[in-house]
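**Q** I am sharing structure24.pdb, which consists of PDB, C-alpha atoms:
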ATOM      1  CA  MET A 712     -12.506   0.791  11.856  1.00  0.00           C
ATOM      2  CA  SER A 713     -10.141  -1.781  10.393  1.00  0.00           C
ATOM      3  CA  ALA A 714      -6.524  -1.900  11.394  1.00  0.00           C
ATOM      4  CA  ILE A 715      -4.053  -0.547   8.875  1.00  0.00           C
ATOM      5  CA  LYS A 716      -0.905  -2.623   8.713  1.00  0.00           C
ATOM      6  CA  ILE A 717       2.192  -0.473   8.937  1.00  0.00           C
ATOM      7  CA  VAL A 718       4.951  -1.563   6.578  1.00  0.00           C
ATOM      8  CA  ASP A 719       8.363  -0.360   5.536  1.00  0.00           C
ATOM      9  CA  ALA A 720       9.314  -0.218   1.891  1.00  0.00           C
ATOM     10  CA  PRO A 721      11.361  -3.221   0.806  1.00  0.00           C
ATOM     11  CA  ALA A 722      14.990  -2.386  -0.013  1.00  0.00           C
ATOM     12  CA  TRP A 723      14.511  -3.246  -3.685  1.00  0.00           C
ATOM     13  CA  MET A 724      11.827  -0.543  -4.061  1.00  0.00           C
ATOM     14  CA  SER A 725      14.547   2.121  -4.118  1.00  0.00           C
ATOM     15  CA  ASP A 726      15.966   0.525  -7.301  1.00  0.00           C
ATOM     16  CA  LEU A 727      12.712   1.028  -9.229  1.00  0.00           C
ATOM     17  CA  GLN A 728      11.770   3.957 -11.401  1.00  0.00           C
ATOM     18  CA  PRO A 729       8.612   5.796 -10.216  1.00  0.00           C
ATOM     19  CA  TRP A 730       6.674   4.540 -13.237  1.00  0.00           C
ATOM     20  CA  SER A 731       7.645   0.883 -12.727  1.00  0.00           C
ATOM     21  CA  LEU A 732       4.591  -1.347 -12.418  1.00  0.00           C
ATOM     22  CA  LEU A 733       4.104  -3.759  -9.541  1.00  0.00           C
ATOM     23  CA  PRO A 734       1.640  -6.651  -9.914  1.00  0.00           C
ATOM     24  CA  SER A 735      -0.960  -7.526  -7.300  1.00  0.00           C
ATOM     25  CA  LYS A 736       1.188 -10.432  -6.128  1.00  0.00           C
ATOM     26  CA  GLU A 737       4.004  -8.076  -5.047  1.00  0.00           C
ATOM     27  CA  VAL A 738       1.613  -5.527  -3.519  1.00  0.00           C
ATOM     28  CA  VAL A 739      -0.025  -8.299  -1.465  1.00  0.00           C
ATOM     29  CA  LYS A 740       3.434  -9.261  -0.119  1.00  0.00           C
ATOM     30  CA  ILE A 741       4.481  -5.675   0.641  1.00  0.00           C
ATOM     31  CA  PHE A 742       1.299  -4.795   2.545  1.00  0.00           C
ATOM     32  CA  LYS A 743       0.856  -8.261   4.072  1.00  0.00           C
ATOM     33  CA  TYR A 744      -2.649  -8.815   2.782  1.00  0.00           C
ATOM     34  CA  HIS A 745      -4.004 -12.342   3.125  1.00  0.00           C
ATOM     35  CA  ASP A 746      -4.456 -12.718  -0.637  1.00  0.00           C
ATOM     36  CA  ALA A 747      -5.291 -10.796  -3.814  1.00  0.00           C
ATOM     37  CA  GLY A 748      -8.990 -10.899  -2.909  1.00  0.00           C
ATOM     38  CA  ALA A 749      -8.293  -8.963   0.292  1.00  0.00           C
ATOM     39  CA  LEU A 750      -6.365  -6.382  -1.733  1.00  0.00           C
ATOM     40  CA  ASP A 751      -9.271  -6.084  -4.196  1.00  0.00           C
ATOM     41  CA  ALA A 752     -11.669  -5.563  -1.306  1.00  0.00           C
ATOM     42  CA  ALA A 753      -9.401  -2.867   0.158  1.00  0.00           C
ATOM     43  CA  PHE A 754      -9.329  -0.752  -2.987  1.00  0.00           C
ATOM     44  CA  HIS A 755     -13.059  -1.240  -3.594  1.00  0.00           C
ATOM     45  CA  LEU A 756     -13.712  -0.034  -0.025  1.00  0.00           C
ATOM     46  CA  GLY A 757     -11.418   2.951  -0.566  1.00  0.00           C
ATOM     47  CA  THR A 758      -8.828   1.967   2.045  1.00  0.00           C
ATOM     48  CA  PHE A 759      -6.129   1.332  -0.568  1.00  0.00           C
ATOM     49  CA  PRO A 760      -5.333   3.187  -3.813  1.00  0.00           C
ATOM     50  CA  ARG A 761      -6.949   1.857  -6.965  1.00  0.00           C
ATOM     51  CA  PRO A 762      -4.641   0.167  -9.485  1.00  0.00           C
ATOM     52  CA  ASP A 763      -2.868   2.547 -11.839  1.00  0.00           C
ATOM     53  CA  GLN A 764      -3.165   0.172 -14.756  1.00  0.00           C
ATOM     54  CA  LYS A 765      -5.076  -2.932 -15.716  1.00  0.00           C
ATOM     55  CA  ILE A 766      -3.602  -5.255 -18.315  1.00  0.00           C
ATOM     56  CA  GLY A 767      -6.018  -7.983 -19.226  1.00  0.00           C
ATOM     57  CA  ARG A 768      -7.499  -9.120 -15.914  1.00  0.00           C
ATOM     58  CA  ARG A 769      -4.425  -8.184 -13.854  1.00  0.00           C
ATOM     59  CA  ASN A 770      -4.026  -5.066 -11.743  1.00  0.00           C
ATOM     60  CA  TYR A 771      -0.774  -3.107 -11.512  1.00  0.00           C
ATOM     61  CA  TRP A 772       0.342  -0.220  -9.280  1.00  0.00           C
ATOM     62  CA  ARG A 773       3.098   2.249 -10.057  1.00  0.00           C
ATOM     63  CA  ALA A 774       6.060   2.237  -7.691  1.00  0.00           C
ATOM     64  CA  ASP A 775       5.414   5.881  -6.742  1.00  0.00           C
ATOM     65  CA  THR A 776       1.805   5.038  -5.798  1.00  0.00           C
ATOM     66  CA  ILE A 777       3.031   2.266  -3.498  1.00  0.00           C
ATOM     67  CA  ASN A 778       5.674   4.541  -1.954  1.00  0.00           C
ATOM     68  CA  ARG A 779       3.019   7.215  -1.299  1.00  0.00           C
ATOM     69  CA  GLU A 780       0.783   4.637   0.393  1.00  0.00           C
ATOM     70  CA  ILE A 781       3.661   3.442   2.590  1.00  0.00           C
ATOM     71  CA  LYS A 782       4.413   7.039   3.625  1.00  0.00           C
ATOM     72  CA  ARG A 783       0.708   7.681   4.294  1.00  0.00           C
ATOM     73  CA  ARG A 784       0.483   4.646   6.562  1.00  0.00           C
ATOM     74  CA  LEU A 785       3.637   5.617   8.449  1.00  0.00           C
ATOM     75  CA  LYS A 786       2.216   9.120   8.975  1.00  0.00           C
ATOM     76  CA  ILE A 787      -1.088   7.696  10.249  1.00  0.00           C
ATOM     77  CA  ASP A 788       0.835   5.445  12.642  1.00  0.00           C
ATOM     78  CA  ALA A 789       2.898   8.367  13.926  1.00  0.00           C
ATOM     79  CA  LEU A 790      -0.240  10.470  14.489  1.00  0.00           C
ATOM     80  CA  ARG A 791      -1.949   7.584  16.308  1.00  0.00           C
ATOM     81  CA  LYS A 792       1.059   7.180  18.595  1.00  0.00           C
ATOM     82  CA  LEU A 793       1.132  10.933  19.232  1.00  0.00           C
ATOM     83  CA  ASN A 794      -2.582  11.027  20.053  1.00  0.00           C
ATOM     84  CA  LYS A 795      -2.293   7.957  22.239  1.00  0.00           C
ATOM     85  CA  GLY A 796       0.538   9.623  24.164  1.00  0.00           C
ATOM     86  CA  GLU A 797      -1.534  12.783  24.674  1.00  0.00           C
ATOM     87  CA  GLU A 798      -4.508  10.785  25.949  1.00  0.00           C
ATOM     88  CA  GLN A 799      -2.347   9.052  28.549  1.00  0.00           C
ATOM     89  CA  SER A 800      -0.969  12.371  29.840  1.00  0.00           C
TER      90      SER A 800
END
Could you render the structure as structure tokens?
**A**
Amino acid sequence: MSAIKIVDAPAWMSDLQPWSLLPSKEVVKIFKYHDAGALDAAFHLGTFPRPDQKIGRRNYWRADTINREIKRRLKIDALRKLNKGEEQS
């Protein structure tokens, strides 16, 4: 199983409307992927949400999709920590 990088939402994300579109370049920075190819691989493997919109050859995600993914990753991290604590007991 691959490691999921846990990230916090950047401060500027709270200024965006839920329907605001974020390009791959920004999503790569937020989730600390190596490059856009790694992000493409992640959504093709099903470990990251598919783009909400494609304009030309570029992929875009809605701000609410990115916020949901951040919350999902934080929840997974919390559950892992909880399970790890129970195993050590």
**Q** Starting from the displayed file, determine the output of the PyMOL selection byres ((chain A and resi 765-777) around 8) and express the residue list as a list in words.
**A**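 When the PyMOL selection byres ((chain A and resi 765-777) around 8) is applied, the selected residues are Met724, Leu727, Gln728, Pro729, Trp730, Ser731, Leu732, Leu733, Pro734, Ser735, Val738, Pro760, Arg761, Pro762, Asp763, Gln764, Asn778, Arg779, Glu780 and Ile781 of chain A.
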**Q** Could you take the residues named above and write them with C-alpha atoms, as a compact mmCIF listing (two decimals), in the coordinates of the input?
**A**
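Saved to part-v6.txt:
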# COMPACT_ATOMS: atom_id res chain seq x y z
CA MET A 724 11.83 -0.54 -4.06
CA LEU A 727 12.71 1.03 -9.23
CA GLN A 728 11.77 3.96 -11.40
CA PRO A 729 8.61 5.80 -10.22
CA TRP A 730 6.67 4.54 -13.24
CA SER A 731 7.64 0.88 -12.73
CA LEU A 732 4.59 -1.35 -12.42
CA LEU A 733 4.10 -3.76 -9.54
CA PRO A 734 1.64 -6.65 -9.91
CA SER A 735 -0.96 -7.53 -7.30
CA VAL A 738 1.61 -5.53 -3.52
CA PRO A 760 -5.33 3.19 -3.81
CA ARG A 761 -6.95 1.86 -6.96
CA PRO A 762 -4.64 0.17 -9.48
CA ASP A 763 -2.87 2.55 -11.84
CA GLN A 764 -3.16 0.17 -14.76
CA ASN A 778 5.67 4.54 -1.95
CA ARG A 779 3.02 7.22 -1.30
CA GLU A 780 0.78 4.64 0.39
CA ILE A 781 3.66 3.44 2.59
**Q** Need to verify the contact set: Ile717 of chain A, 9 Å, all atoms listed in the file, exclusion of same-chain residues closer than 4 positions in sequence. Can you return it as number ranges by chain?
**A** A: 742, 781, 784-785, 787-788
**Q** For the selection just defined, write its residues with C-alpha atoms to a file, as a PDB file, keeping the file's coordinate frame.
**A**
ATOM      1  CA  PHE A 742       1.299  -4.795   2.545  1.00  0.00           C
ATOM      2  CA  ILE A 781       3.661   3.442   2.590  1.00  0.00           C
ATOM      3  CA  ARG A 784       0.483   4.646   6.562  1.00  0.00           C
ATOM      4  CA  LEU A 785       3.637   5.617   8.449  1.00  0.00           C
ATOM      5  CA  ILE A 787      -1.088   7.696  10.249  1.00  0.00           C
ATOM      6  CA  ASP A 788       0.835   5.445  12.642  1.00  0.00           C
TER       7      ASP A 788
END
**Q** One number please: atom CA of Trp723 of chain A to atom CA of Gly757 of chain A, in Å, one decimal.
**A**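 Going from atom CA of Trp723 of chain A over to atom CA of Gly757 of chain A, I get 26.8 Å.
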**Q** Considering all atoms listed in the file, state which residue in the set A:Thr758, A:Glu737, A:Ala747, A:Gly796 is at the smallest distance from Arg783 of chain A.
**A**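 Nearest candidate to Arg783 of chain A out of A:Thr758, A:Glu737, A:Ala747, A:Gly796: A:Thr758.
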**Q** Provide the atom CA of His745 of chain A to atom CA of Asp719 of chain A distance in Å, to one decimal place.
**A**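 One can read the atom CA of His745 of chain A to atom CA of Asp719 of chain A distance as 17.4 Å.
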**Q** Kindly give the distance, in Å, that separates atom CA of Ala753 of chain A and atom CA of Asp726 of chain A, rounded to a single decimal.
**A**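 Answer for the atom CA of Ala753 of chain A to atom CA of Asp726 of chain A separation: 26.7 Å.
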**Q** In the coordinates of the file, take the point (-5.8, -10.0, -1.8) and a cut-off of 7 Å; then, counting all atoms listed in the file, name each qualifying protein, DNA or RNA residue as a ChimeraX atom specification.
**A** /A:739,744-751
**Q** Mind rebuilding segment 760-796 of chain A with N, CA and C atoms and writing that out as a JSON list (two decimals), in the frame of the given file?
**A**
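That gives us result_29.json:
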[["chain", "number", "residue", "atom", "x", "y", "z"],
["A", 760, "PRO", "N", -5.21, 2.55, -2.49],
["A", 760, "PRO", "CA", -5.33, 3.19, -3.81],
["A", 760, "PRO", "C", -5.75, 2.20, -4.90],
["A", 761, "ARG", "N", -6.54, 2.69, -5.83],
["A", 761, "ARG", "CA", -6.95, 1.86, -6.96],
["A", 761, "ARG", "C", -5.72, 1.57, -7.84],
["A", 762, "PRO", "N", -5.77, 0.48, -8.59],
["A", 762, "PRO", "CA", -4.64, 0.17, -9.48],
["A", 762, "PRO", "C", -4.44, 1.28, -10.50],
["A", 763, "ASP", "N", -3.18, 1.52, -10.85],
["A", 763, "ASP", "CA", -2.87, 2.55, -11.84],
["A", 763, "ASP", "C", -3.10, 2.05, -13.26],
["A", 764, "GLN", "N", -3.00, 0.73, -13.43],
["A", 764, "GLN", "CA", -3.16, 0.17, -14.76],
["A", 764, "GLN", "C", -3.74, -1.24, -14.65],
["A", 765, "LYS", "N", -4.53, -1.58, -15.64],
["A", 765, "LYS", "CA", -5.08, -2.93, -15.72],
["A", 765, "LYS", "C", -4.70, -3.48, -17.09],
["A", 766, "ILE", "N", -4.00, -4.61, -17.07],
["A", 766, "ILE", "CA", -3.60, -5.26, -18.32],
["A", 766, "ILE", "C", -4.28, -6.61, -18.32],
["A", 767, "GLY", "N", -5.21, -6.77, -19.23],
["A", 767, "GLY", "CA", -6.02, -7.98, -19.23],
["A", 767, "GLY", "C", -6.87, -7.99, -17.96],
["A", 768, "ARG", "N", -6.75, -9.03, -17.17],
["A", 768, "ARG", "CA", -7.50, -9.12, -15.91],
["A", 768, "ARG", "C", -6.62, -8.81, -14.71],
["A", 769, "ARG", "N", -5.38, -8.42, -14.95],
["A", 769, "ARG", "CA", -4.42, -8.18, -13.85],
["A", 769, "ARG", "C", -4.30, -6.70, -13.52],
["A", 770, "ASN", "N", -4.18, -6.43, -12.23],
["A", 770, "ASN", "CA", -4.03, -5.07, -11.74],
["A", 770, "ASN", "C", -2.56, -4.78, -11.45],
["A", 771, "TYR", "N", -2.14, -3.54, -11.76],
["A", 771, "TYR", "CA", -0.77, -3.11, -11.51],
["A", 771, "TYR", "C", -0.78, -1.73, -10.86],
["A", 772, "TRP", "N", 0.17, -1.51, -9.95],
["A", 772, "TRP", "CA", 0.34, -0.22, -9.28],
["A", 772, "TRP", "C", 1.72, 0.31, -9.63],
["A", 773, "ARG", "N", 1.80, 1.62, -9.82],
["A", 773, "ARG", "CA", 3.10, 2.25, -10.06],
["A", 773, "ARG", "C", 3.88, 2.27, -8.75],
["A", 774, "ALA", "N", 5.19, 2.23, -8.87],
["A", 774, "ALA", "CA", 6.06, 2.24, -7.69],
["A", 774, "ALA", "C", 5.84, 3.50, -6.86],
["A", 775, "ASP", "N", 5.63, 4.65, -7.51],
["A", 775, "ASP", "CA", 5.41, 5.88, -6.74],
["A", 775, "ASP", "C", 4.09, 5.85, -5.99],
["A", 776, "THR", "N", 3.08, 5.19, -6.51],
["A", 776, "THR", "CA", 1.80, 5.04, -5.80],
["A", 776, "THR", "C", 2.01, 4.21, -4.53],
["A", 777, "ILE", "N", 2.76, 3.13, -4.65],
["A", 777, "ILE", "CA", 3.03, 2.27, -3.50],
["A", 777, "ILE", "C", 3.87, 3.01, -2.46],
["A", 778, "ASN", "N", 4.86, 3.76, -2.90],
["A", 778, "ASN", "CA", 5.67, 4.54, -1.95],
["A", 778, "ASN", "C", 4.83, 5.59, -1.22],
["A", 779, "ARG", "N", 3.91, 6.24, -1.94],
["A", 779, "ARG", "CA", 3.02, 7.22, -1.30],
["A", 779, "ARG", "C", 2.14, 6.55, -0.25],
["A", 780, "GLU", "N", 1.64, 5.35, -0.56],
["A", 780, "GLU", "CA", 0.78, 4.64, 0.39],
["A", 780, "GLU", "C", 1.58, 4.23, 1.63],
["A", 781, "ILE", "N", 2.81, 3.80, 1.44],
["A", 781, "ILE", "CA", 3.66, 3.44, 2.59],
["A", 781, "ILE", "C", 3.88, 4.67, 3.47],
["A", 782, "LYS", "N", 4.20, 5.80, 2.86],
["A", 782, "LYS", "CA", 4.41, 7.04, 3.62],
["A", 782, "LYS", "C", 3.14, 7.47, 4.35],
["A", 783, "ARG", "N", 1.99, 7.32, 3.68],
["A", 783, "ARG", "CA", 0.71, 7.68, 4.29],
["A", 783, "ARG", "C", 0.45, 6.83, 5.53],
["A", 784, "ARG", "N", 0.70, 5.54, 5.42],
["A", 784, "ARG", "CA", 0.48, 4.65, 6.56],
["A", 784, "ARG", "C", 1.44, 4.94, 7.72],
["A", 785, "LEU", "N", 2.68, 5.27, 7.39],
["A", 785, "LEU", "CA", 3.64, 5.62, 8.45],
["A", 785, "LEU", "C", 3.22, 6.91, 9.15],
["A", 786, "LYS", "N", 2.68, 7.86, 8.39],
["A", 786, "LYS", "CA", 2.22, 9.12, 8.98],
["A", 786, "LYS", "C", 1.01, 8.88, 9.88],
["A", 787, "ILE", "N", 0.08, 8.04, 9.43],
["A", 787, "ILE", "CA", -1.09, 7.70, 10.25],
["A", 787, "ILE", "C", -0.64, 7.04, 11.55],
["A", 788, "ASP", "N", 0.33, 6.13, 11.45],
["A", 788, "ASP", "CA", 0.84, 5.44, 12.64],
["A", 788, "ASP", "C", 1.47, 6.44, 13.61],
["A", 789, "ALA", "N", 2.25, 7.37, 13.08],
["A", 789, "ALA", "CA", 2.90, 8.37, 13.93],
["A", 789, "ALA", "C", 1.86, 9.25, 14.62],
["A", 790, "LEU", "N", 0.81, 9.65, 13.89],
["A", 790, "LEU", "CA", -0.24, 10.47, 14.49],
["A", 790, "LEU", "C", -1.01, 9.70, 15.56],
["A", 791, "ARG", "N", -1.26, 8.41, 15.30],
["A", 791, "ARG", "CA", -1.95, 7.58, 16.31],
["A", 791, "ARG", "C", -1.12, 7.49, 17.58],
["A", 792, "LYS", "N", 0.18, 7.28, 17.43],
["A", 792, "LYS", "CA", 1.06, 7.18, 18.60],
["A", 792, "LYS", "C", 1.10, 8.51, 19.35],
["A", 793, "LEU", "N", 1.13, 9.61, 18.61],
["A", 793, "LEU", "CA", 1.13, 10.93, 19.23],
["A", 793, "LEU", "C", -0.15, 11.17, 20.00],
["A", 794, "ASN", "N", -1.29, 10.86, 19.39],
["A", 794, "ASN", "CA", -2.58, 11.03, 20.05],
["A", 794, "ASN", "C", -2.72, 10.10, 21.25],
["A", 795, "LYS", "N", -2.22, 8.91, 21.14],
["A", 795, "LYS", "CA", -2.29, 7.96, 22.24],
["A", 795, "LYS", "C", -1.45, 8.47, 23.41],
["A", 796, "GLY", "N", -0.32, 9.05, 23.13],
["A", 796, "GLY", "CA", 0.54, 9.62, 24.16],
["A", 796, "GLY", "C", -0.12, 10.81, 24.85]]
